[in-house]
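K.L.:
Provided herewith: final.pdb, PDB, C-alpha atoms, pLDDT in the B column.
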ATOM      1  CA  MET B   1      40.053  29.360   2.611  1.00 29.00           C
ATOM      2  CA  ILE B   2      38.226  27.384  -0.083  1.00 34.00           C
ATOM      3  CA  LEU B   3      34.861  28.408   1.377  1.00 30.00           C
ATOM      4  CA  GLY B   4      36.010  32.035   1.251  1.00 31.00           C
ATOM      5  CA  LEU B   5      36.858  31.713  -2.446  1.00 29.00           C
ATOM      6  CA  VAL B   6      33.457  30.224  -3.281  1.00 33.00           C
ATOM      7  CA  THR B   7      31.541  33.061  -1.646  1.00 35.00           C
ATOM      8  CA  VAL B   8      33.615  35.960  -2.982  1.00 37.00           C
ATOM      9  CA  GLY B   9      31.571  36.247  -6.226  1.00 39.00           C
ATOM     10  CA  ALA B  10      28.247  36.953  -4.521  1.00 41.00           C
ATOM     11  CA  LYS B  11      27.331  39.971  -2.438  1.00 44.00           C
ATOM     12  CA  ALA B  12      25.461  39.745   0.839  1.00 48.00           C
ATOM     13  CA  GLY B  13      21.752  40.367   0.342  1.00 81.00           C
ATOM     14  CA  GLU B  14      21.735  39.063  -3.208  1.00 89.00           C
ATOM     15  CA  GLY B  15      19.317  36.427  -4.438  1.00 90.00           C
ATOM     16  CA  GLN B  16      19.360  34.218  -7.497  1.00 89.00           C
ATOM     17  CA  ILE B  17      16.865  32.395  -9.671  1.00 88.00           C
ATOM     18  CA  LEU B  18      17.127  30.344 -12.847  1.00 85.00           C
ATOM     19  CA  VAL B  19      14.630  31.660 -15.397  1.00 84.00           C
ATOM     20  CA  SER B  20      13.526  28.638 -17.420  1.00 83.00           C
ATOM     21  CA  ASN B  21      10.533  27.176 -19.212  1.00 82.00           C
ATOM     22  CA  TYR B  22      11.785  23.596 -19.011  1.00 78.00           C
ATOM     23  CA  TYR B  23      12.415  22.473 -15.433  1.00 74.00           C
ATOM     24  CA  LEU B  24       8.930  22.944 -13.941  1.00 69.00           C
ATOM     25  CA  ALA B  25       5.434  22.352 -15.323  1.00 65.00           C
ATOM     26  CA  PRO B  26       3.600  23.567 -17.375  1.00 65.00           C
ATOM     27  CA  TYR B  27       6.657  23.672 -19.724  1.00 70.00           C
ATOM     28  CA  SER B  28       5.322  26.475 -21.909  1.00 78.00           C
ATOM     29  CA  GLN B  29       7.096  26.475 -25.248  1.00 82.00           C
ATOM     30  CA  VAL B  30       8.232  29.614 -27.050  1.00 86.00           C
ATOM     31  CA  TYR B  31       6.490  29.523 -30.430  1.00 85.00           C
ATOM     32  CA  TRP B  32       5.896  31.660 -33.490  1.00 86.00           C
ATOM     33  CA  GLY B  33       2.702  33.730 -33.436  1.00 82.00           C
ATOM     34  CA  PHE B  34       2.866  34.934 -37.045  1.00 79.00           C
ATOM     35  CA  GLY B  35       4.486  34.288 -40.412  1.00 79.00           C
ATOM     36  CA  PRO B  36       5.435  31.125 -42.277  1.00 83.00           C
ATOM     37  CA  LYS B  37       6.249  29.249 -39.048  1.00 85.00           C
ATOM     38  CA  VAL B  38       3.056  30.241 -37.194  1.00 85.00           C
ATOM     39  CA  ASN B  39       2.374  27.959 -34.191  1.00 85.00           C
ATOM     40  CA  GLN B  40       5.694  26.137 -34.607  1.00 87.00           C
ATOM     41  CA  ALA B  41       8.186  26.052 -31.744  1.00 87.00           C
ATOM     42  CA  VAL B  42      11.094  28.495 -31.935  1.00 88.00           C
ATOM     43  CA  THR B  43      14.374  26.576 -32.174  1.00 87.00           C
ATOM     44  CA  ALA B  44      18.028  27.401 -31.558  1.00 88.00           C
ATOM     45  CA  ALA B  45      18.498  27.562 -35.340  1.00 89.00           C
ATOM     46  CA  ASP B  46      16.187  30.616 -35.405  1.00 89.00           C
ATOM     47  CA  GLY B  47      18.890  32.523 -33.506  1.00 89.00           C
ATOM     48  CA  LEU B  48      16.619  34.685 -31.342  1.00 91.00           C
ATOM     49  CA  THR B  49      17.968  36.389 -28.219  1.00 92.00           C
ATOM     50  CA  PHE B  50      15.760  37.102 -25.202  1.00 92.00           C
ATOM     51  CA  GLN B  51      16.191  39.657 -22.396  1.00 93.00           C
ATOM     52  CA  ILE B  52      15.095  39.070 -18.790  1.00 93.00           C
ATOM     53  CA  TYR B  53      13.580  41.979 -16.833  1.00 95.00           C
ATOM     54  CA  PHE B  54      12.958  41.970 -13.082  1.00 95.00           C
ATOM     55  CA  ALA B  55      11.823  44.235 -10.248  1.00 96.00           C
ATOM     56  CA  LYS B  56      11.382  43.879  -6.509  1.00 96.00           C
ATOM     57  CA  GLY B  57       7.705  43.705  -5.549  1.00 95.00           C
ATOM     58  CA  VAL B  58       4.608  43.217  -7.680  1.00 96.00           C
ATOM     59  CA  ILE B  59       5.093  45.360 -10.784  1.00 92.00           C
ATOM     60  CA  THR B  60       2.831  45.834 -13.817  1.00 90.00           C
ATOM     61  CA  ASP B  61       4.769  48.578 -15.629  1.00 92.00           C
ATOM     62  CA  PRO B  62       7.742  47.348 -17.707  1.00 89.00           C
ATOM     63  CA  SER B  63       9.449  50.758 -17.403  1.00 93.00           C
ATOM     64  CA  GLN B  64       9.950  50.068 -13.666  1.00 95.00           C
ATOM     65  CA  MET B  65      11.895  46.880 -14.321  1.00 97.00           C
ATOM     66  CA  THR B  66      15.653  46.321 -14.347  1.00 96.00           C
ATOM     67  CA  VAL B  67      17.345  44.848 -17.404  1.00 96.00           C
ATOM     68  CA  GLY B  68      18.698  41.394 -16.593  1.00 95.00           C
ATOM     69  CA  ASP B  69      20.531  38.624 -18.372  1.00 93.00           C
ATOM     70  CA  THR B  70      20.025  37.440 -21.940  1.00 93.00           C
ATOM     71  CA  PHE B  71      19.514  33.886 -23.144  1.00 91.00           C
ATOM     72  CA  GLN B  72      18.643  31.868 -26.241  1.00 90.00           C
ATOM     73  CA  ILE B  73      16.637  28.743 -26.986  1.00 88.00           C
ATOM     74  CA  ASP B  74      18.783  25.744 -26.057  1.00 84.00           C
ATOM     75  CA  ASN B  75      20.430  23.709 -28.767  1.00 78.00           C
ATOM     76  CA  SER B  76      20.346  20.449 -26.867  1.00 78.00           C
ATOM     77  CA  VAL B  77      18.476  17.215 -26.475  1.00 66.00           C
ATOM     78  CA  ILE B  78      15.691  18.940 -24.508  1.00 72.00           C
ATOM     79  CA  ASN B  79      14.585  20.605 -27.723  1.00 76.00           C
ATOM     80  CA  ASN B  80      13.751  17.254 -29.297  1.00 79.00           C
ATOM     81  CA  ILE B  81      10.849  17.010 -26.844  1.00 78.00           C
ATOM     82  CA  ASP B  82       7.340  17.596 -28.178  1.00 79.00           C
ATOM     83  CA  PRO B  83       4.790  18.039 -25.355  1.00 77.00           C
ATOM     84  CA  GLN B  84       1.947  17.565 -27.863  1.00 78.00           C
ATOM     85  CA  GLU B  85       0.696  21.143 -27.470  1.00 77.00           C
ATOM     86  CA  GLY B  86       0.540  21.676 -31.233  1.00 79.00           C
ATOM     87  CA  HIS B  87       3.881  23.464 -31.691  1.00 82.00           C
ATOM     88  CA  GLY B  88       6.153  20.469 -32.387  1.00 83.00           C
ATOM     89  CA  PRO B  89       9.515  19.867 -30.729  1.00 85.00           C
ATOM     90  CA  GLY B  90      11.606  22.746 -29.384  1.00 82.00           C
ATOM     91  CA  GLY B  91      10.895  26.116 -27.827  1.00 85.00           C
ATOM     92  CA  TYR B  92      12.686  25.430 -24.535  1.00 86.00           C
ATOM     93  CA  PHE B  93      15.347  27.324 -22.673  1.00 85.00           C
ATOM     94  CA  THR B  94      17.078  26.515 -19.446  1.00 79.00           C
ATOM     95  CA  GLY B  95      17.665  30.238 -19.183  1.00 73.00           C
ATOM     96  CA  ALA B  96      20.181  32.115 -17.144  1.00 81.00           C
ATOM     97  CA  ILE B  97      20.903  32.503 -13.467  1.00 85.00           C
ATOM     98  CA  GLN B  98      19.553  35.959 -12.729  1.00 91.00           C
ATOM     99  CA  LEU B  99      21.103  37.664  -9.710  1.00 91.00           C
ATOM    100  CA  LEU B 100      18.708  39.820  -7.683  1.00 93.00           C
ATOM    101  CA  PRO B 101      20.291  42.689  -5.736  1.00 91.00           C
ATOM    102  CA  ASN B 102      18.854  43.776  -2.375  1.00 89.00           C
ATOM    103  CA  TRP B 103      17.035  40.470  -1.919  1.00 90.00           C
ATOM    104  CA  THR B 104      16.123  39.130   1.496  1.00 90.00           C
ATOM    105  CA  PHE B 105      14.337  35.896   2.317  1.00 89.00           C
ATOM    106  CA  GLY B 106      10.609  36.169   1.558  1.00 90.00           C
ATOM    107  CA  ASP B 107      10.876  39.051  -0.941  1.00 93.00           C
ATOM    108  CA  THR B 108       8.697  38.854  -4.035  1.00 94.00           C
ATOM    109  CA  PHE B 109      10.141  39.772  -7.421  1.00 94.00           C
ATOM    110  CA  THR B 110       8.298  40.295 -10.707  1.00 94.00           C
ATOM    111  CA  PHE B 111       9.796  38.925 -13.923  1.00 92.00           C
ATOM    112  CA  MET B 112       9.168  38.992 -17.654  1.00 90.00           C
ATOM    113  CA  TYR B 113      11.239  38.430 -20.765  1.00 89.00           C
ATOM    114  CA  GLU B 114      11.078  39.561 -24.369  1.00 90.00           C
ATOM    115  CA  VAL B 115      12.784  38.873 -27.657  1.00 91.00           C
ATOM    116  CA  ILE B 116      15.408  41.519 -28.438  1.00 93.00           C
ATOM    117  CA  THR B 117      16.547  40.288 -31.849  1.00 91.00           C
ATOM    118  CA  PRO B 118      16.003  43.114 -34.362  1.00 91.00           C
ATOM    119  CA  GLY B 119      12.984  42.564 -36.598  1.00 86.00           C
ATOM    120  CA  TYR B 120      11.026  40.567 -34.011  1.00 88.00           C
ATOM    121  CA  ALA B 121       8.699  41.440 -31.156  1.00 86.00           C
ATOM    122  CA  GLY B 122       7.126  39.433 -28.386  1.00 86.00           C
ATOM    123  CA  MET B 123       7.142  39.244 -24.621  1.00 86.00           C
ATOM    124  CA  SER B 124       6.053  36.965 -21.841  1.00 86.00           C
ATOM    125  CA  PRO B 125       3.379  37.878 -19.337  1.00 86.00           C
ATOM    126  CA  PHE B 126       4.583  39.189 -15.967  1.00 89.00           C
ATOM    127  CA  TRP B 127       4.955  36.643 -13.176  1.00 88.00           C
ATOM    128  CA  GLN B 128       6.007  36.782  -9.549  1.00 91.00           C
ATOM    129  CA  GLU B 129       8.397  34.567  -7.616  1.00 89.00           C
ATOM    130  CA  ASN B 130       9.442  34.330  -3.995  1.00 87.00           C
ATOM    131  CA  ALA B 131       9.695  30.678  -2.919  1.00 81.00           C
ATOM    132  CA  ASN B 132      12.001  29.837  -5.862  1.00 83.00           C
ATOM    133  CA  ILE B 133      14.551  32.552  -5.073  1.00 85.00           C
ATOM    134  CA  PHE B 134      17.583  31.491  -3.058  1.00 84.00           C
ATOM    135  CA  SER B 135      20.544  33.274  -1.589  1.00 83.00           C
ATOM    136  CA  ALA B 136      23.377  33.898  -4.019  1.00 79.00           C
ATOM    137  CA  SER B 137      25.876  33.277  -1.241  1.00 73.00           C
ATOM    138  CA  PRO B 138      26.740  30.432  -1.388  1.00 60.00           C
ATOM    139  CA  LEU B 139      25.930  29.970  -5.066  1.00 54.00           C
ATOM    140  CA  LEU B 140      23.912  26.773  -4.551  1.00 47.00           C
ATOM    141  CA  PRO B 141      21.071  25.751  -4.587  1.00 47.00           C
ATOM    142  CA  VAL B 142      19.589  27.543  -7.575  1.00 46.00           C
ATOM    143  CA  GLY B 143      15.840  28.145  -7.579  1.00 49.00           C
ATOM    144  CA  PHE B 144      13.912  27.579 -10.779  1.00 51.00           C
ATOM    145  CA  SER B 145      11.341  30.008 -12.087  1.00 54.00           C
ATOM    146  CA  GLN B 146       7.912  28.882 -13.146  1.00 51.00           C
ATOM    147  CA  SER B 147       7.352  28.254 -16.835  1.00 50.00           C
ATOM    148  CA  VAL B 148       6.009  31.218 -18.735  1.00 55.00           C
ATOM    149  CA  GLY B 149       5.183  31.059 -22.437  1.00 56.00           C
ATOM    150  CA  LEU B 150       5.968  33.624 -25.082  1.00 59.00           C
ATOM    151  CA  ILE B 151       4.582  34.280 -28.515  1.00 59.00           C
ATOM    152  CA  VAL B 152       7.131  35.703 -30.936  1.00 64.00           C
ATOM    153  CA  VAL B 153       5.906  37.672 -33.927  1.00 62.00           C
ATOM    154  CA  PRO B 154       7.744  39.605 -36.646  1.00 62.00           C
ATOM    155  CA  GLU B 155       7.951  43.353 -36.213  1.00 55.00           C
ATOM    156  CA  PRO B 156       4.715  44.925 -37.552  1.00 54.00           C
ATOM    157  CA  THR B 157       6.549  46.855 -40.298  1.00 56.00           C
ATOM    158  CA  THR B 158       7.896  43.674 -41.910  1.00 56.00           C
ATOM    159  CA  ILE B 159       4.714  42.811 -43.813  1.00 57.00           C
ATOM    160  CA  PRO B 160       3.888  46.335 -45.105  1.00 62.00           C
ATOM    161  CA  LEU B 161       7.471  46.805 -46.287  1.00 59.00           C
ATOM    162  CA  ALA B 162       7.417  43.461 -48.084  1.00 63.00           C
ATOM    163  CA  ALA B 163       4.085  44.369 -49.716  1.00 66.00           C
ATOM    164  CA  ILE B 164       5.424  47.737 -50.907  1.00 68.00           C
ATOM    165  CA  GLY B 165       8.473  46.012 -52.374  1.00 66.00           C
ATOM    166  CA  ALA B 166       6.346  43.436 -54.185  1.00 66.00           C
ATOM    167  CA  VAL B 167       4.033  46.099 -55.627  1.00 68.00           C
ATOM    168  CA  SER B 168       7.026  48.180 -56.751  1.00 67.00           C
ATOM    169  CA  PHE B 169       8.600  45.157 -58.392  1.00 64.00           C
ATOM    170  CA  LEU B 170       5.410  44.213 -60.224  1.00 66.00           C
ATOM    171  CA  THR B 171       4.698  47.749 -61.466  1.00 66.00           C
ATOM    172  CA  SER B 172       8.253  48.278 -62.671  1.00 65.00           C
ATOM    173  CA  ARG B 173       8.397  45.119 -64.816  1.00 61.00           C
ATOM    174  CA  ARG B 174       8.382  45.690 -68.544  1.00 54.00           C
ATOM    175  CA  ARG B 175       5.882  43.867 -70.658  1.00 51.00           C
ATOM    176  CA  THR B 176       7.334  42.063 -73.635  1.00 52.00           C
TER     177      THR B 176
END
Would you mind writing the file out in C-alpha cells?
P.N.:
Amino acid sequence: MILGLVTVGAKAGEGQILVSNYYLAPYSQVYWGFGPKVNQAVTAADGLTFQIYFAKGVITDPSQMTVGDTFQIDNSVINNIDPQEGHGPGGYFTGAIQLLPNWTFGDTFTFMYEVITPGYAGMSPFWQENANIFSASPLLPVGFSQSVGLIVVPEPTTIPLAAIGAVSFLTSRRRT
C-alpha cells in the first residue's frame, strides 16, 4: 500500500531531470552581461526568475519547445562559493525537477532556460540530455542536468529610455 502511494504522483512513461548548474562540472555561473553589475554573479537578492524549456529530440528552434518549471538563484550556502572565474560568489541554482512526458529509456531531450523577469533578457544555449534522465516512477533517483551558463542583460530599451529621460530632465531645467 505504501509503495502504491509513492508511485501515484507519477505517470507511466514519464521521465525526470534536475536542471542545475551546481551539481556537476563545469559549474557555470549565471552572471550579468551588461549594466552596473557587468561580469558579477547574479544572486538571490537580484530576484530574477528563470523558465525551463524542453523538447523531445534534438531541437534548435525555441518555438518547438514546451514551457517547463521556473526557478530562481538559490539563497543558500552554495552561493558563497567563488569558482575564481571572475564573477565572484553566487550565480548558482539547484533548479527544479522537470518532469518529461512521453519519455522512455534512451530518449534524448533538448533543454534551455531563460530569464523571464520583466525588464531583463538572457537565455542559455541549448543542450541535450539522455543519460541523466530517470524514470519519474518511482520518484528516485533524480538525474542531474549538465551545467549550462547564462548571461543576463537588461532589456535593450532600458538604456535608450534612461537616456531620453536624462536629456529631457537636463533640457527642462531652468537656469538661475
K.L.:
Neighbours of Ile81 (chain B) within 7 Å (only C-alpha atoms; same-chain residues fewer than 3 positions away dropped), as a PyMOL selection string?
P.N.:
chain B and resi 78+89-90
K.L.:
Could you list, with a cut-off of 6 Å and counting all atoms listed in the file, the residues of region 89-108 of chain B near region 13-36 of chain B, each shown with its nearest atom pair and the distance in Å rounded to one decimal, rows sorted by chain and ascending number, as JSON lines?
P.N.:
{"residue": "B:Gly91", "atom": "CA", "partner": "B:Val30", "partner_atom": "CA", "distance": 4.5}
{"residue": "B:Tyr92", "atom": "CA", "partner": "B:Gln29", "partner_atom": "CA", "distance": 5.7}
{"residue": "B:Phe93", "atom": "CA", "partner": "B:Ser20", "partner_atom": "CA", "distance": 5.7}
{"residue": "B:Thr94", "atom": "CA", "partner": "B:Ser20", "partner_atom": "CA", "distance": 4.6}
{"residue": "B:Gly95", "atom": "CA", "partner": "B:Ser20", "partner_atom": "CA", "distance": 4.8}
{"residue": "B:Ala96", "atom": "CA", "partner": "B:Leu18", "partner_atom": "CA", "distance": 5.6}
{"residue": "B:Ile97", "atom": "CA", "partner": "B:Leu18", "partner_atom": "CA", "distance": 4.4}
{"residue": "B:Gln98", "atom": "CA", "partner": "B:Ile17", "partner_atom": "CA", "distance": 5.4}
{"residue": "B:Leu99", "atom": "CA", "partner": "B:Gln16", "partner_atom": "CA", "distance": 4.5}
{"residue": "B:Leu100", "atom": "CA", "partner": "B:Gly15", "partner_atom": "CA", "distance": 4.7}
{"residue": "B:Pro101", "atom": "CA", "partner": "B:Glu14", "partner_atom": "CA", "distance": 4.7}
{"residue": "B:Asn102", "atom": "CA", "partner": "B:Gly13", "partner_atom": "CA", "distance": 5.2}
{"residue": "B:Trp103", "atom": "CA", "partner": "B:Glu14", "partner_atom": "CA", "distance": 5.1}
{"residue": "B:Thr104", "atom": "CA", "partner": "B:Gly13", "partner_atom": "CA", "distance": 5.9}
K.L.:
Restricting the output to C-alpha atoms, write the selected residues as a PDB file, in the frame of the given file.
P.N.:
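Contents of the output file out-v8.pdb:
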ATOM      1  CA  GLY B  91      10.895  26.116 -27.827  1.00 85.00           C
ATOM      2  CA  TYR B  92      12.686  25.430 -24.535  1.00 86.00           C
ATOM      3  CA  PHE B  93      15.347  27.324 -22.673  1.00 85.00           C
ATOM      4  CA  THR B  94      17.078  26.515 -19.446  1.00 79.00           C
ATOM      5  CA  GLY B  95      17.665  30.238 -19.183  1.00 73.00           C
ATOM      6  CA  ALA B  96      20.181  32.115 -17.144  1.00 81.00           C
ATOM      7  CA  ILE B  97      20.903  32.503 -13.467  1.00 85.00           C
ATOM      8  CA  GLN B  98      19.553  35.959 -12.729  1.00 91.00           C
ATOM      9  CA  LEU B  99      21.103  37.664  -9.710  1.00 91.00           C
ATOM     10  CA  LEU B 100      18.708  39.820  -7.683  1.00 93.00           C
ATOM     11  CA  PRO B 101      20.291  42.689  -5.736  1.00 91.00           C
ATOM     12  CA  ASN B 102      18.854  43.776  -2.375  1.00 89.00           C
ATOM     13  CA  TRP B 103      17.035  40.470  -1.919  1.00 90.00           C
ATOM     14  CA  THR B 104      16.123  39.130   1.496  1.00 90.00           C
TER      15      THR B 104
END
K.L.:
Kindly give the distance, in Å, that separates CA of Lys37 (chain B) and CA of Gly88 (chain B), rounded to a single decimal.
P.N.:
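It comes out at 11.0 Å.
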K.L.:
Name the residues that the PyMOL selection byres ((chain B and resi 48-56) around 8) picks from the file above, as a list in words, using the file's chain letters and numbers.
P.N.:
Ala44, Asp46, Gly47, Gly57, Val58, Ile59, Pro62, Gln64, Met65, Thr66, Val67, Gly68, Asp69, Thr70, Phe71, Gln72, Ile73, Asp107, Thr108, Phe109, Thr110, Phe111, Met112, Tyr113, Glu114, Val115, Ile116 and Thr117 of chain B
K.L.:
So what do you get for CA of Ala41 (chain B) versus CA of Glu85 (chain B), distance-wise?
P.N.:
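Atom-to-atom, CA of Ala41 (chain B) to CA of Glu85 (chain B), that is 9.9 Å.
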K.L.:
Measure the distance from CA of Asp74 (chain B) to CA of Gly86 (chain B) in Å and round it to one decimal.
P.N.:
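CA of Gly86 (chain B) lies at a distance of 19.4 Å from CA of Asp74 (chain B).
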K.L.:
Can you spell out as a list in words the set of residues that the PyMOL selection byres ((chain B and resi 130) around 6) selects in the structure I just provided?
P.N.:
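After applying the PyMOL selection byres ((chain B and resi 130) around 6), what remains is Gly106, Asp107, Thr108, Glu129, Ala131, Asn132 and Ile133 of chain B.
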K.L.:
Which centre and which edge lengths, in Å to one decimal, describe the axis-aligned box that holds all listed atoms of region 81-97 of chain B after 6 Å is added on each side, as AutoDock Vina command-line options?
P.N.:
--center_x 10.7 --center_y 24.8 --center_z -22.9 --size_x 32.4 --size_y 27.5 --size_z 30.9
K.L.:
So, counting only C-alpha atoms, which residue among B:Gln40, B:Thr60, B:Ser124, B:Ser135 is closest to Gln84 (chain B)?
P.N.:
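Once distances to Gln84 (chain B) are computed over only C-alpha atoms, the minimum belongs to B:Gln40.
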K.L.:
Between B:His87, B:Ser63, B:Phe134, B:Asn75, which is the closest to Val38 (chain B) once you count only C-alpha atoms?
P.N.:
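Going through B:His87, B:Ser63, B:Phe134, B:Asn75 one by one, the smallest distance to Val38 (chain B) is for B:His87.
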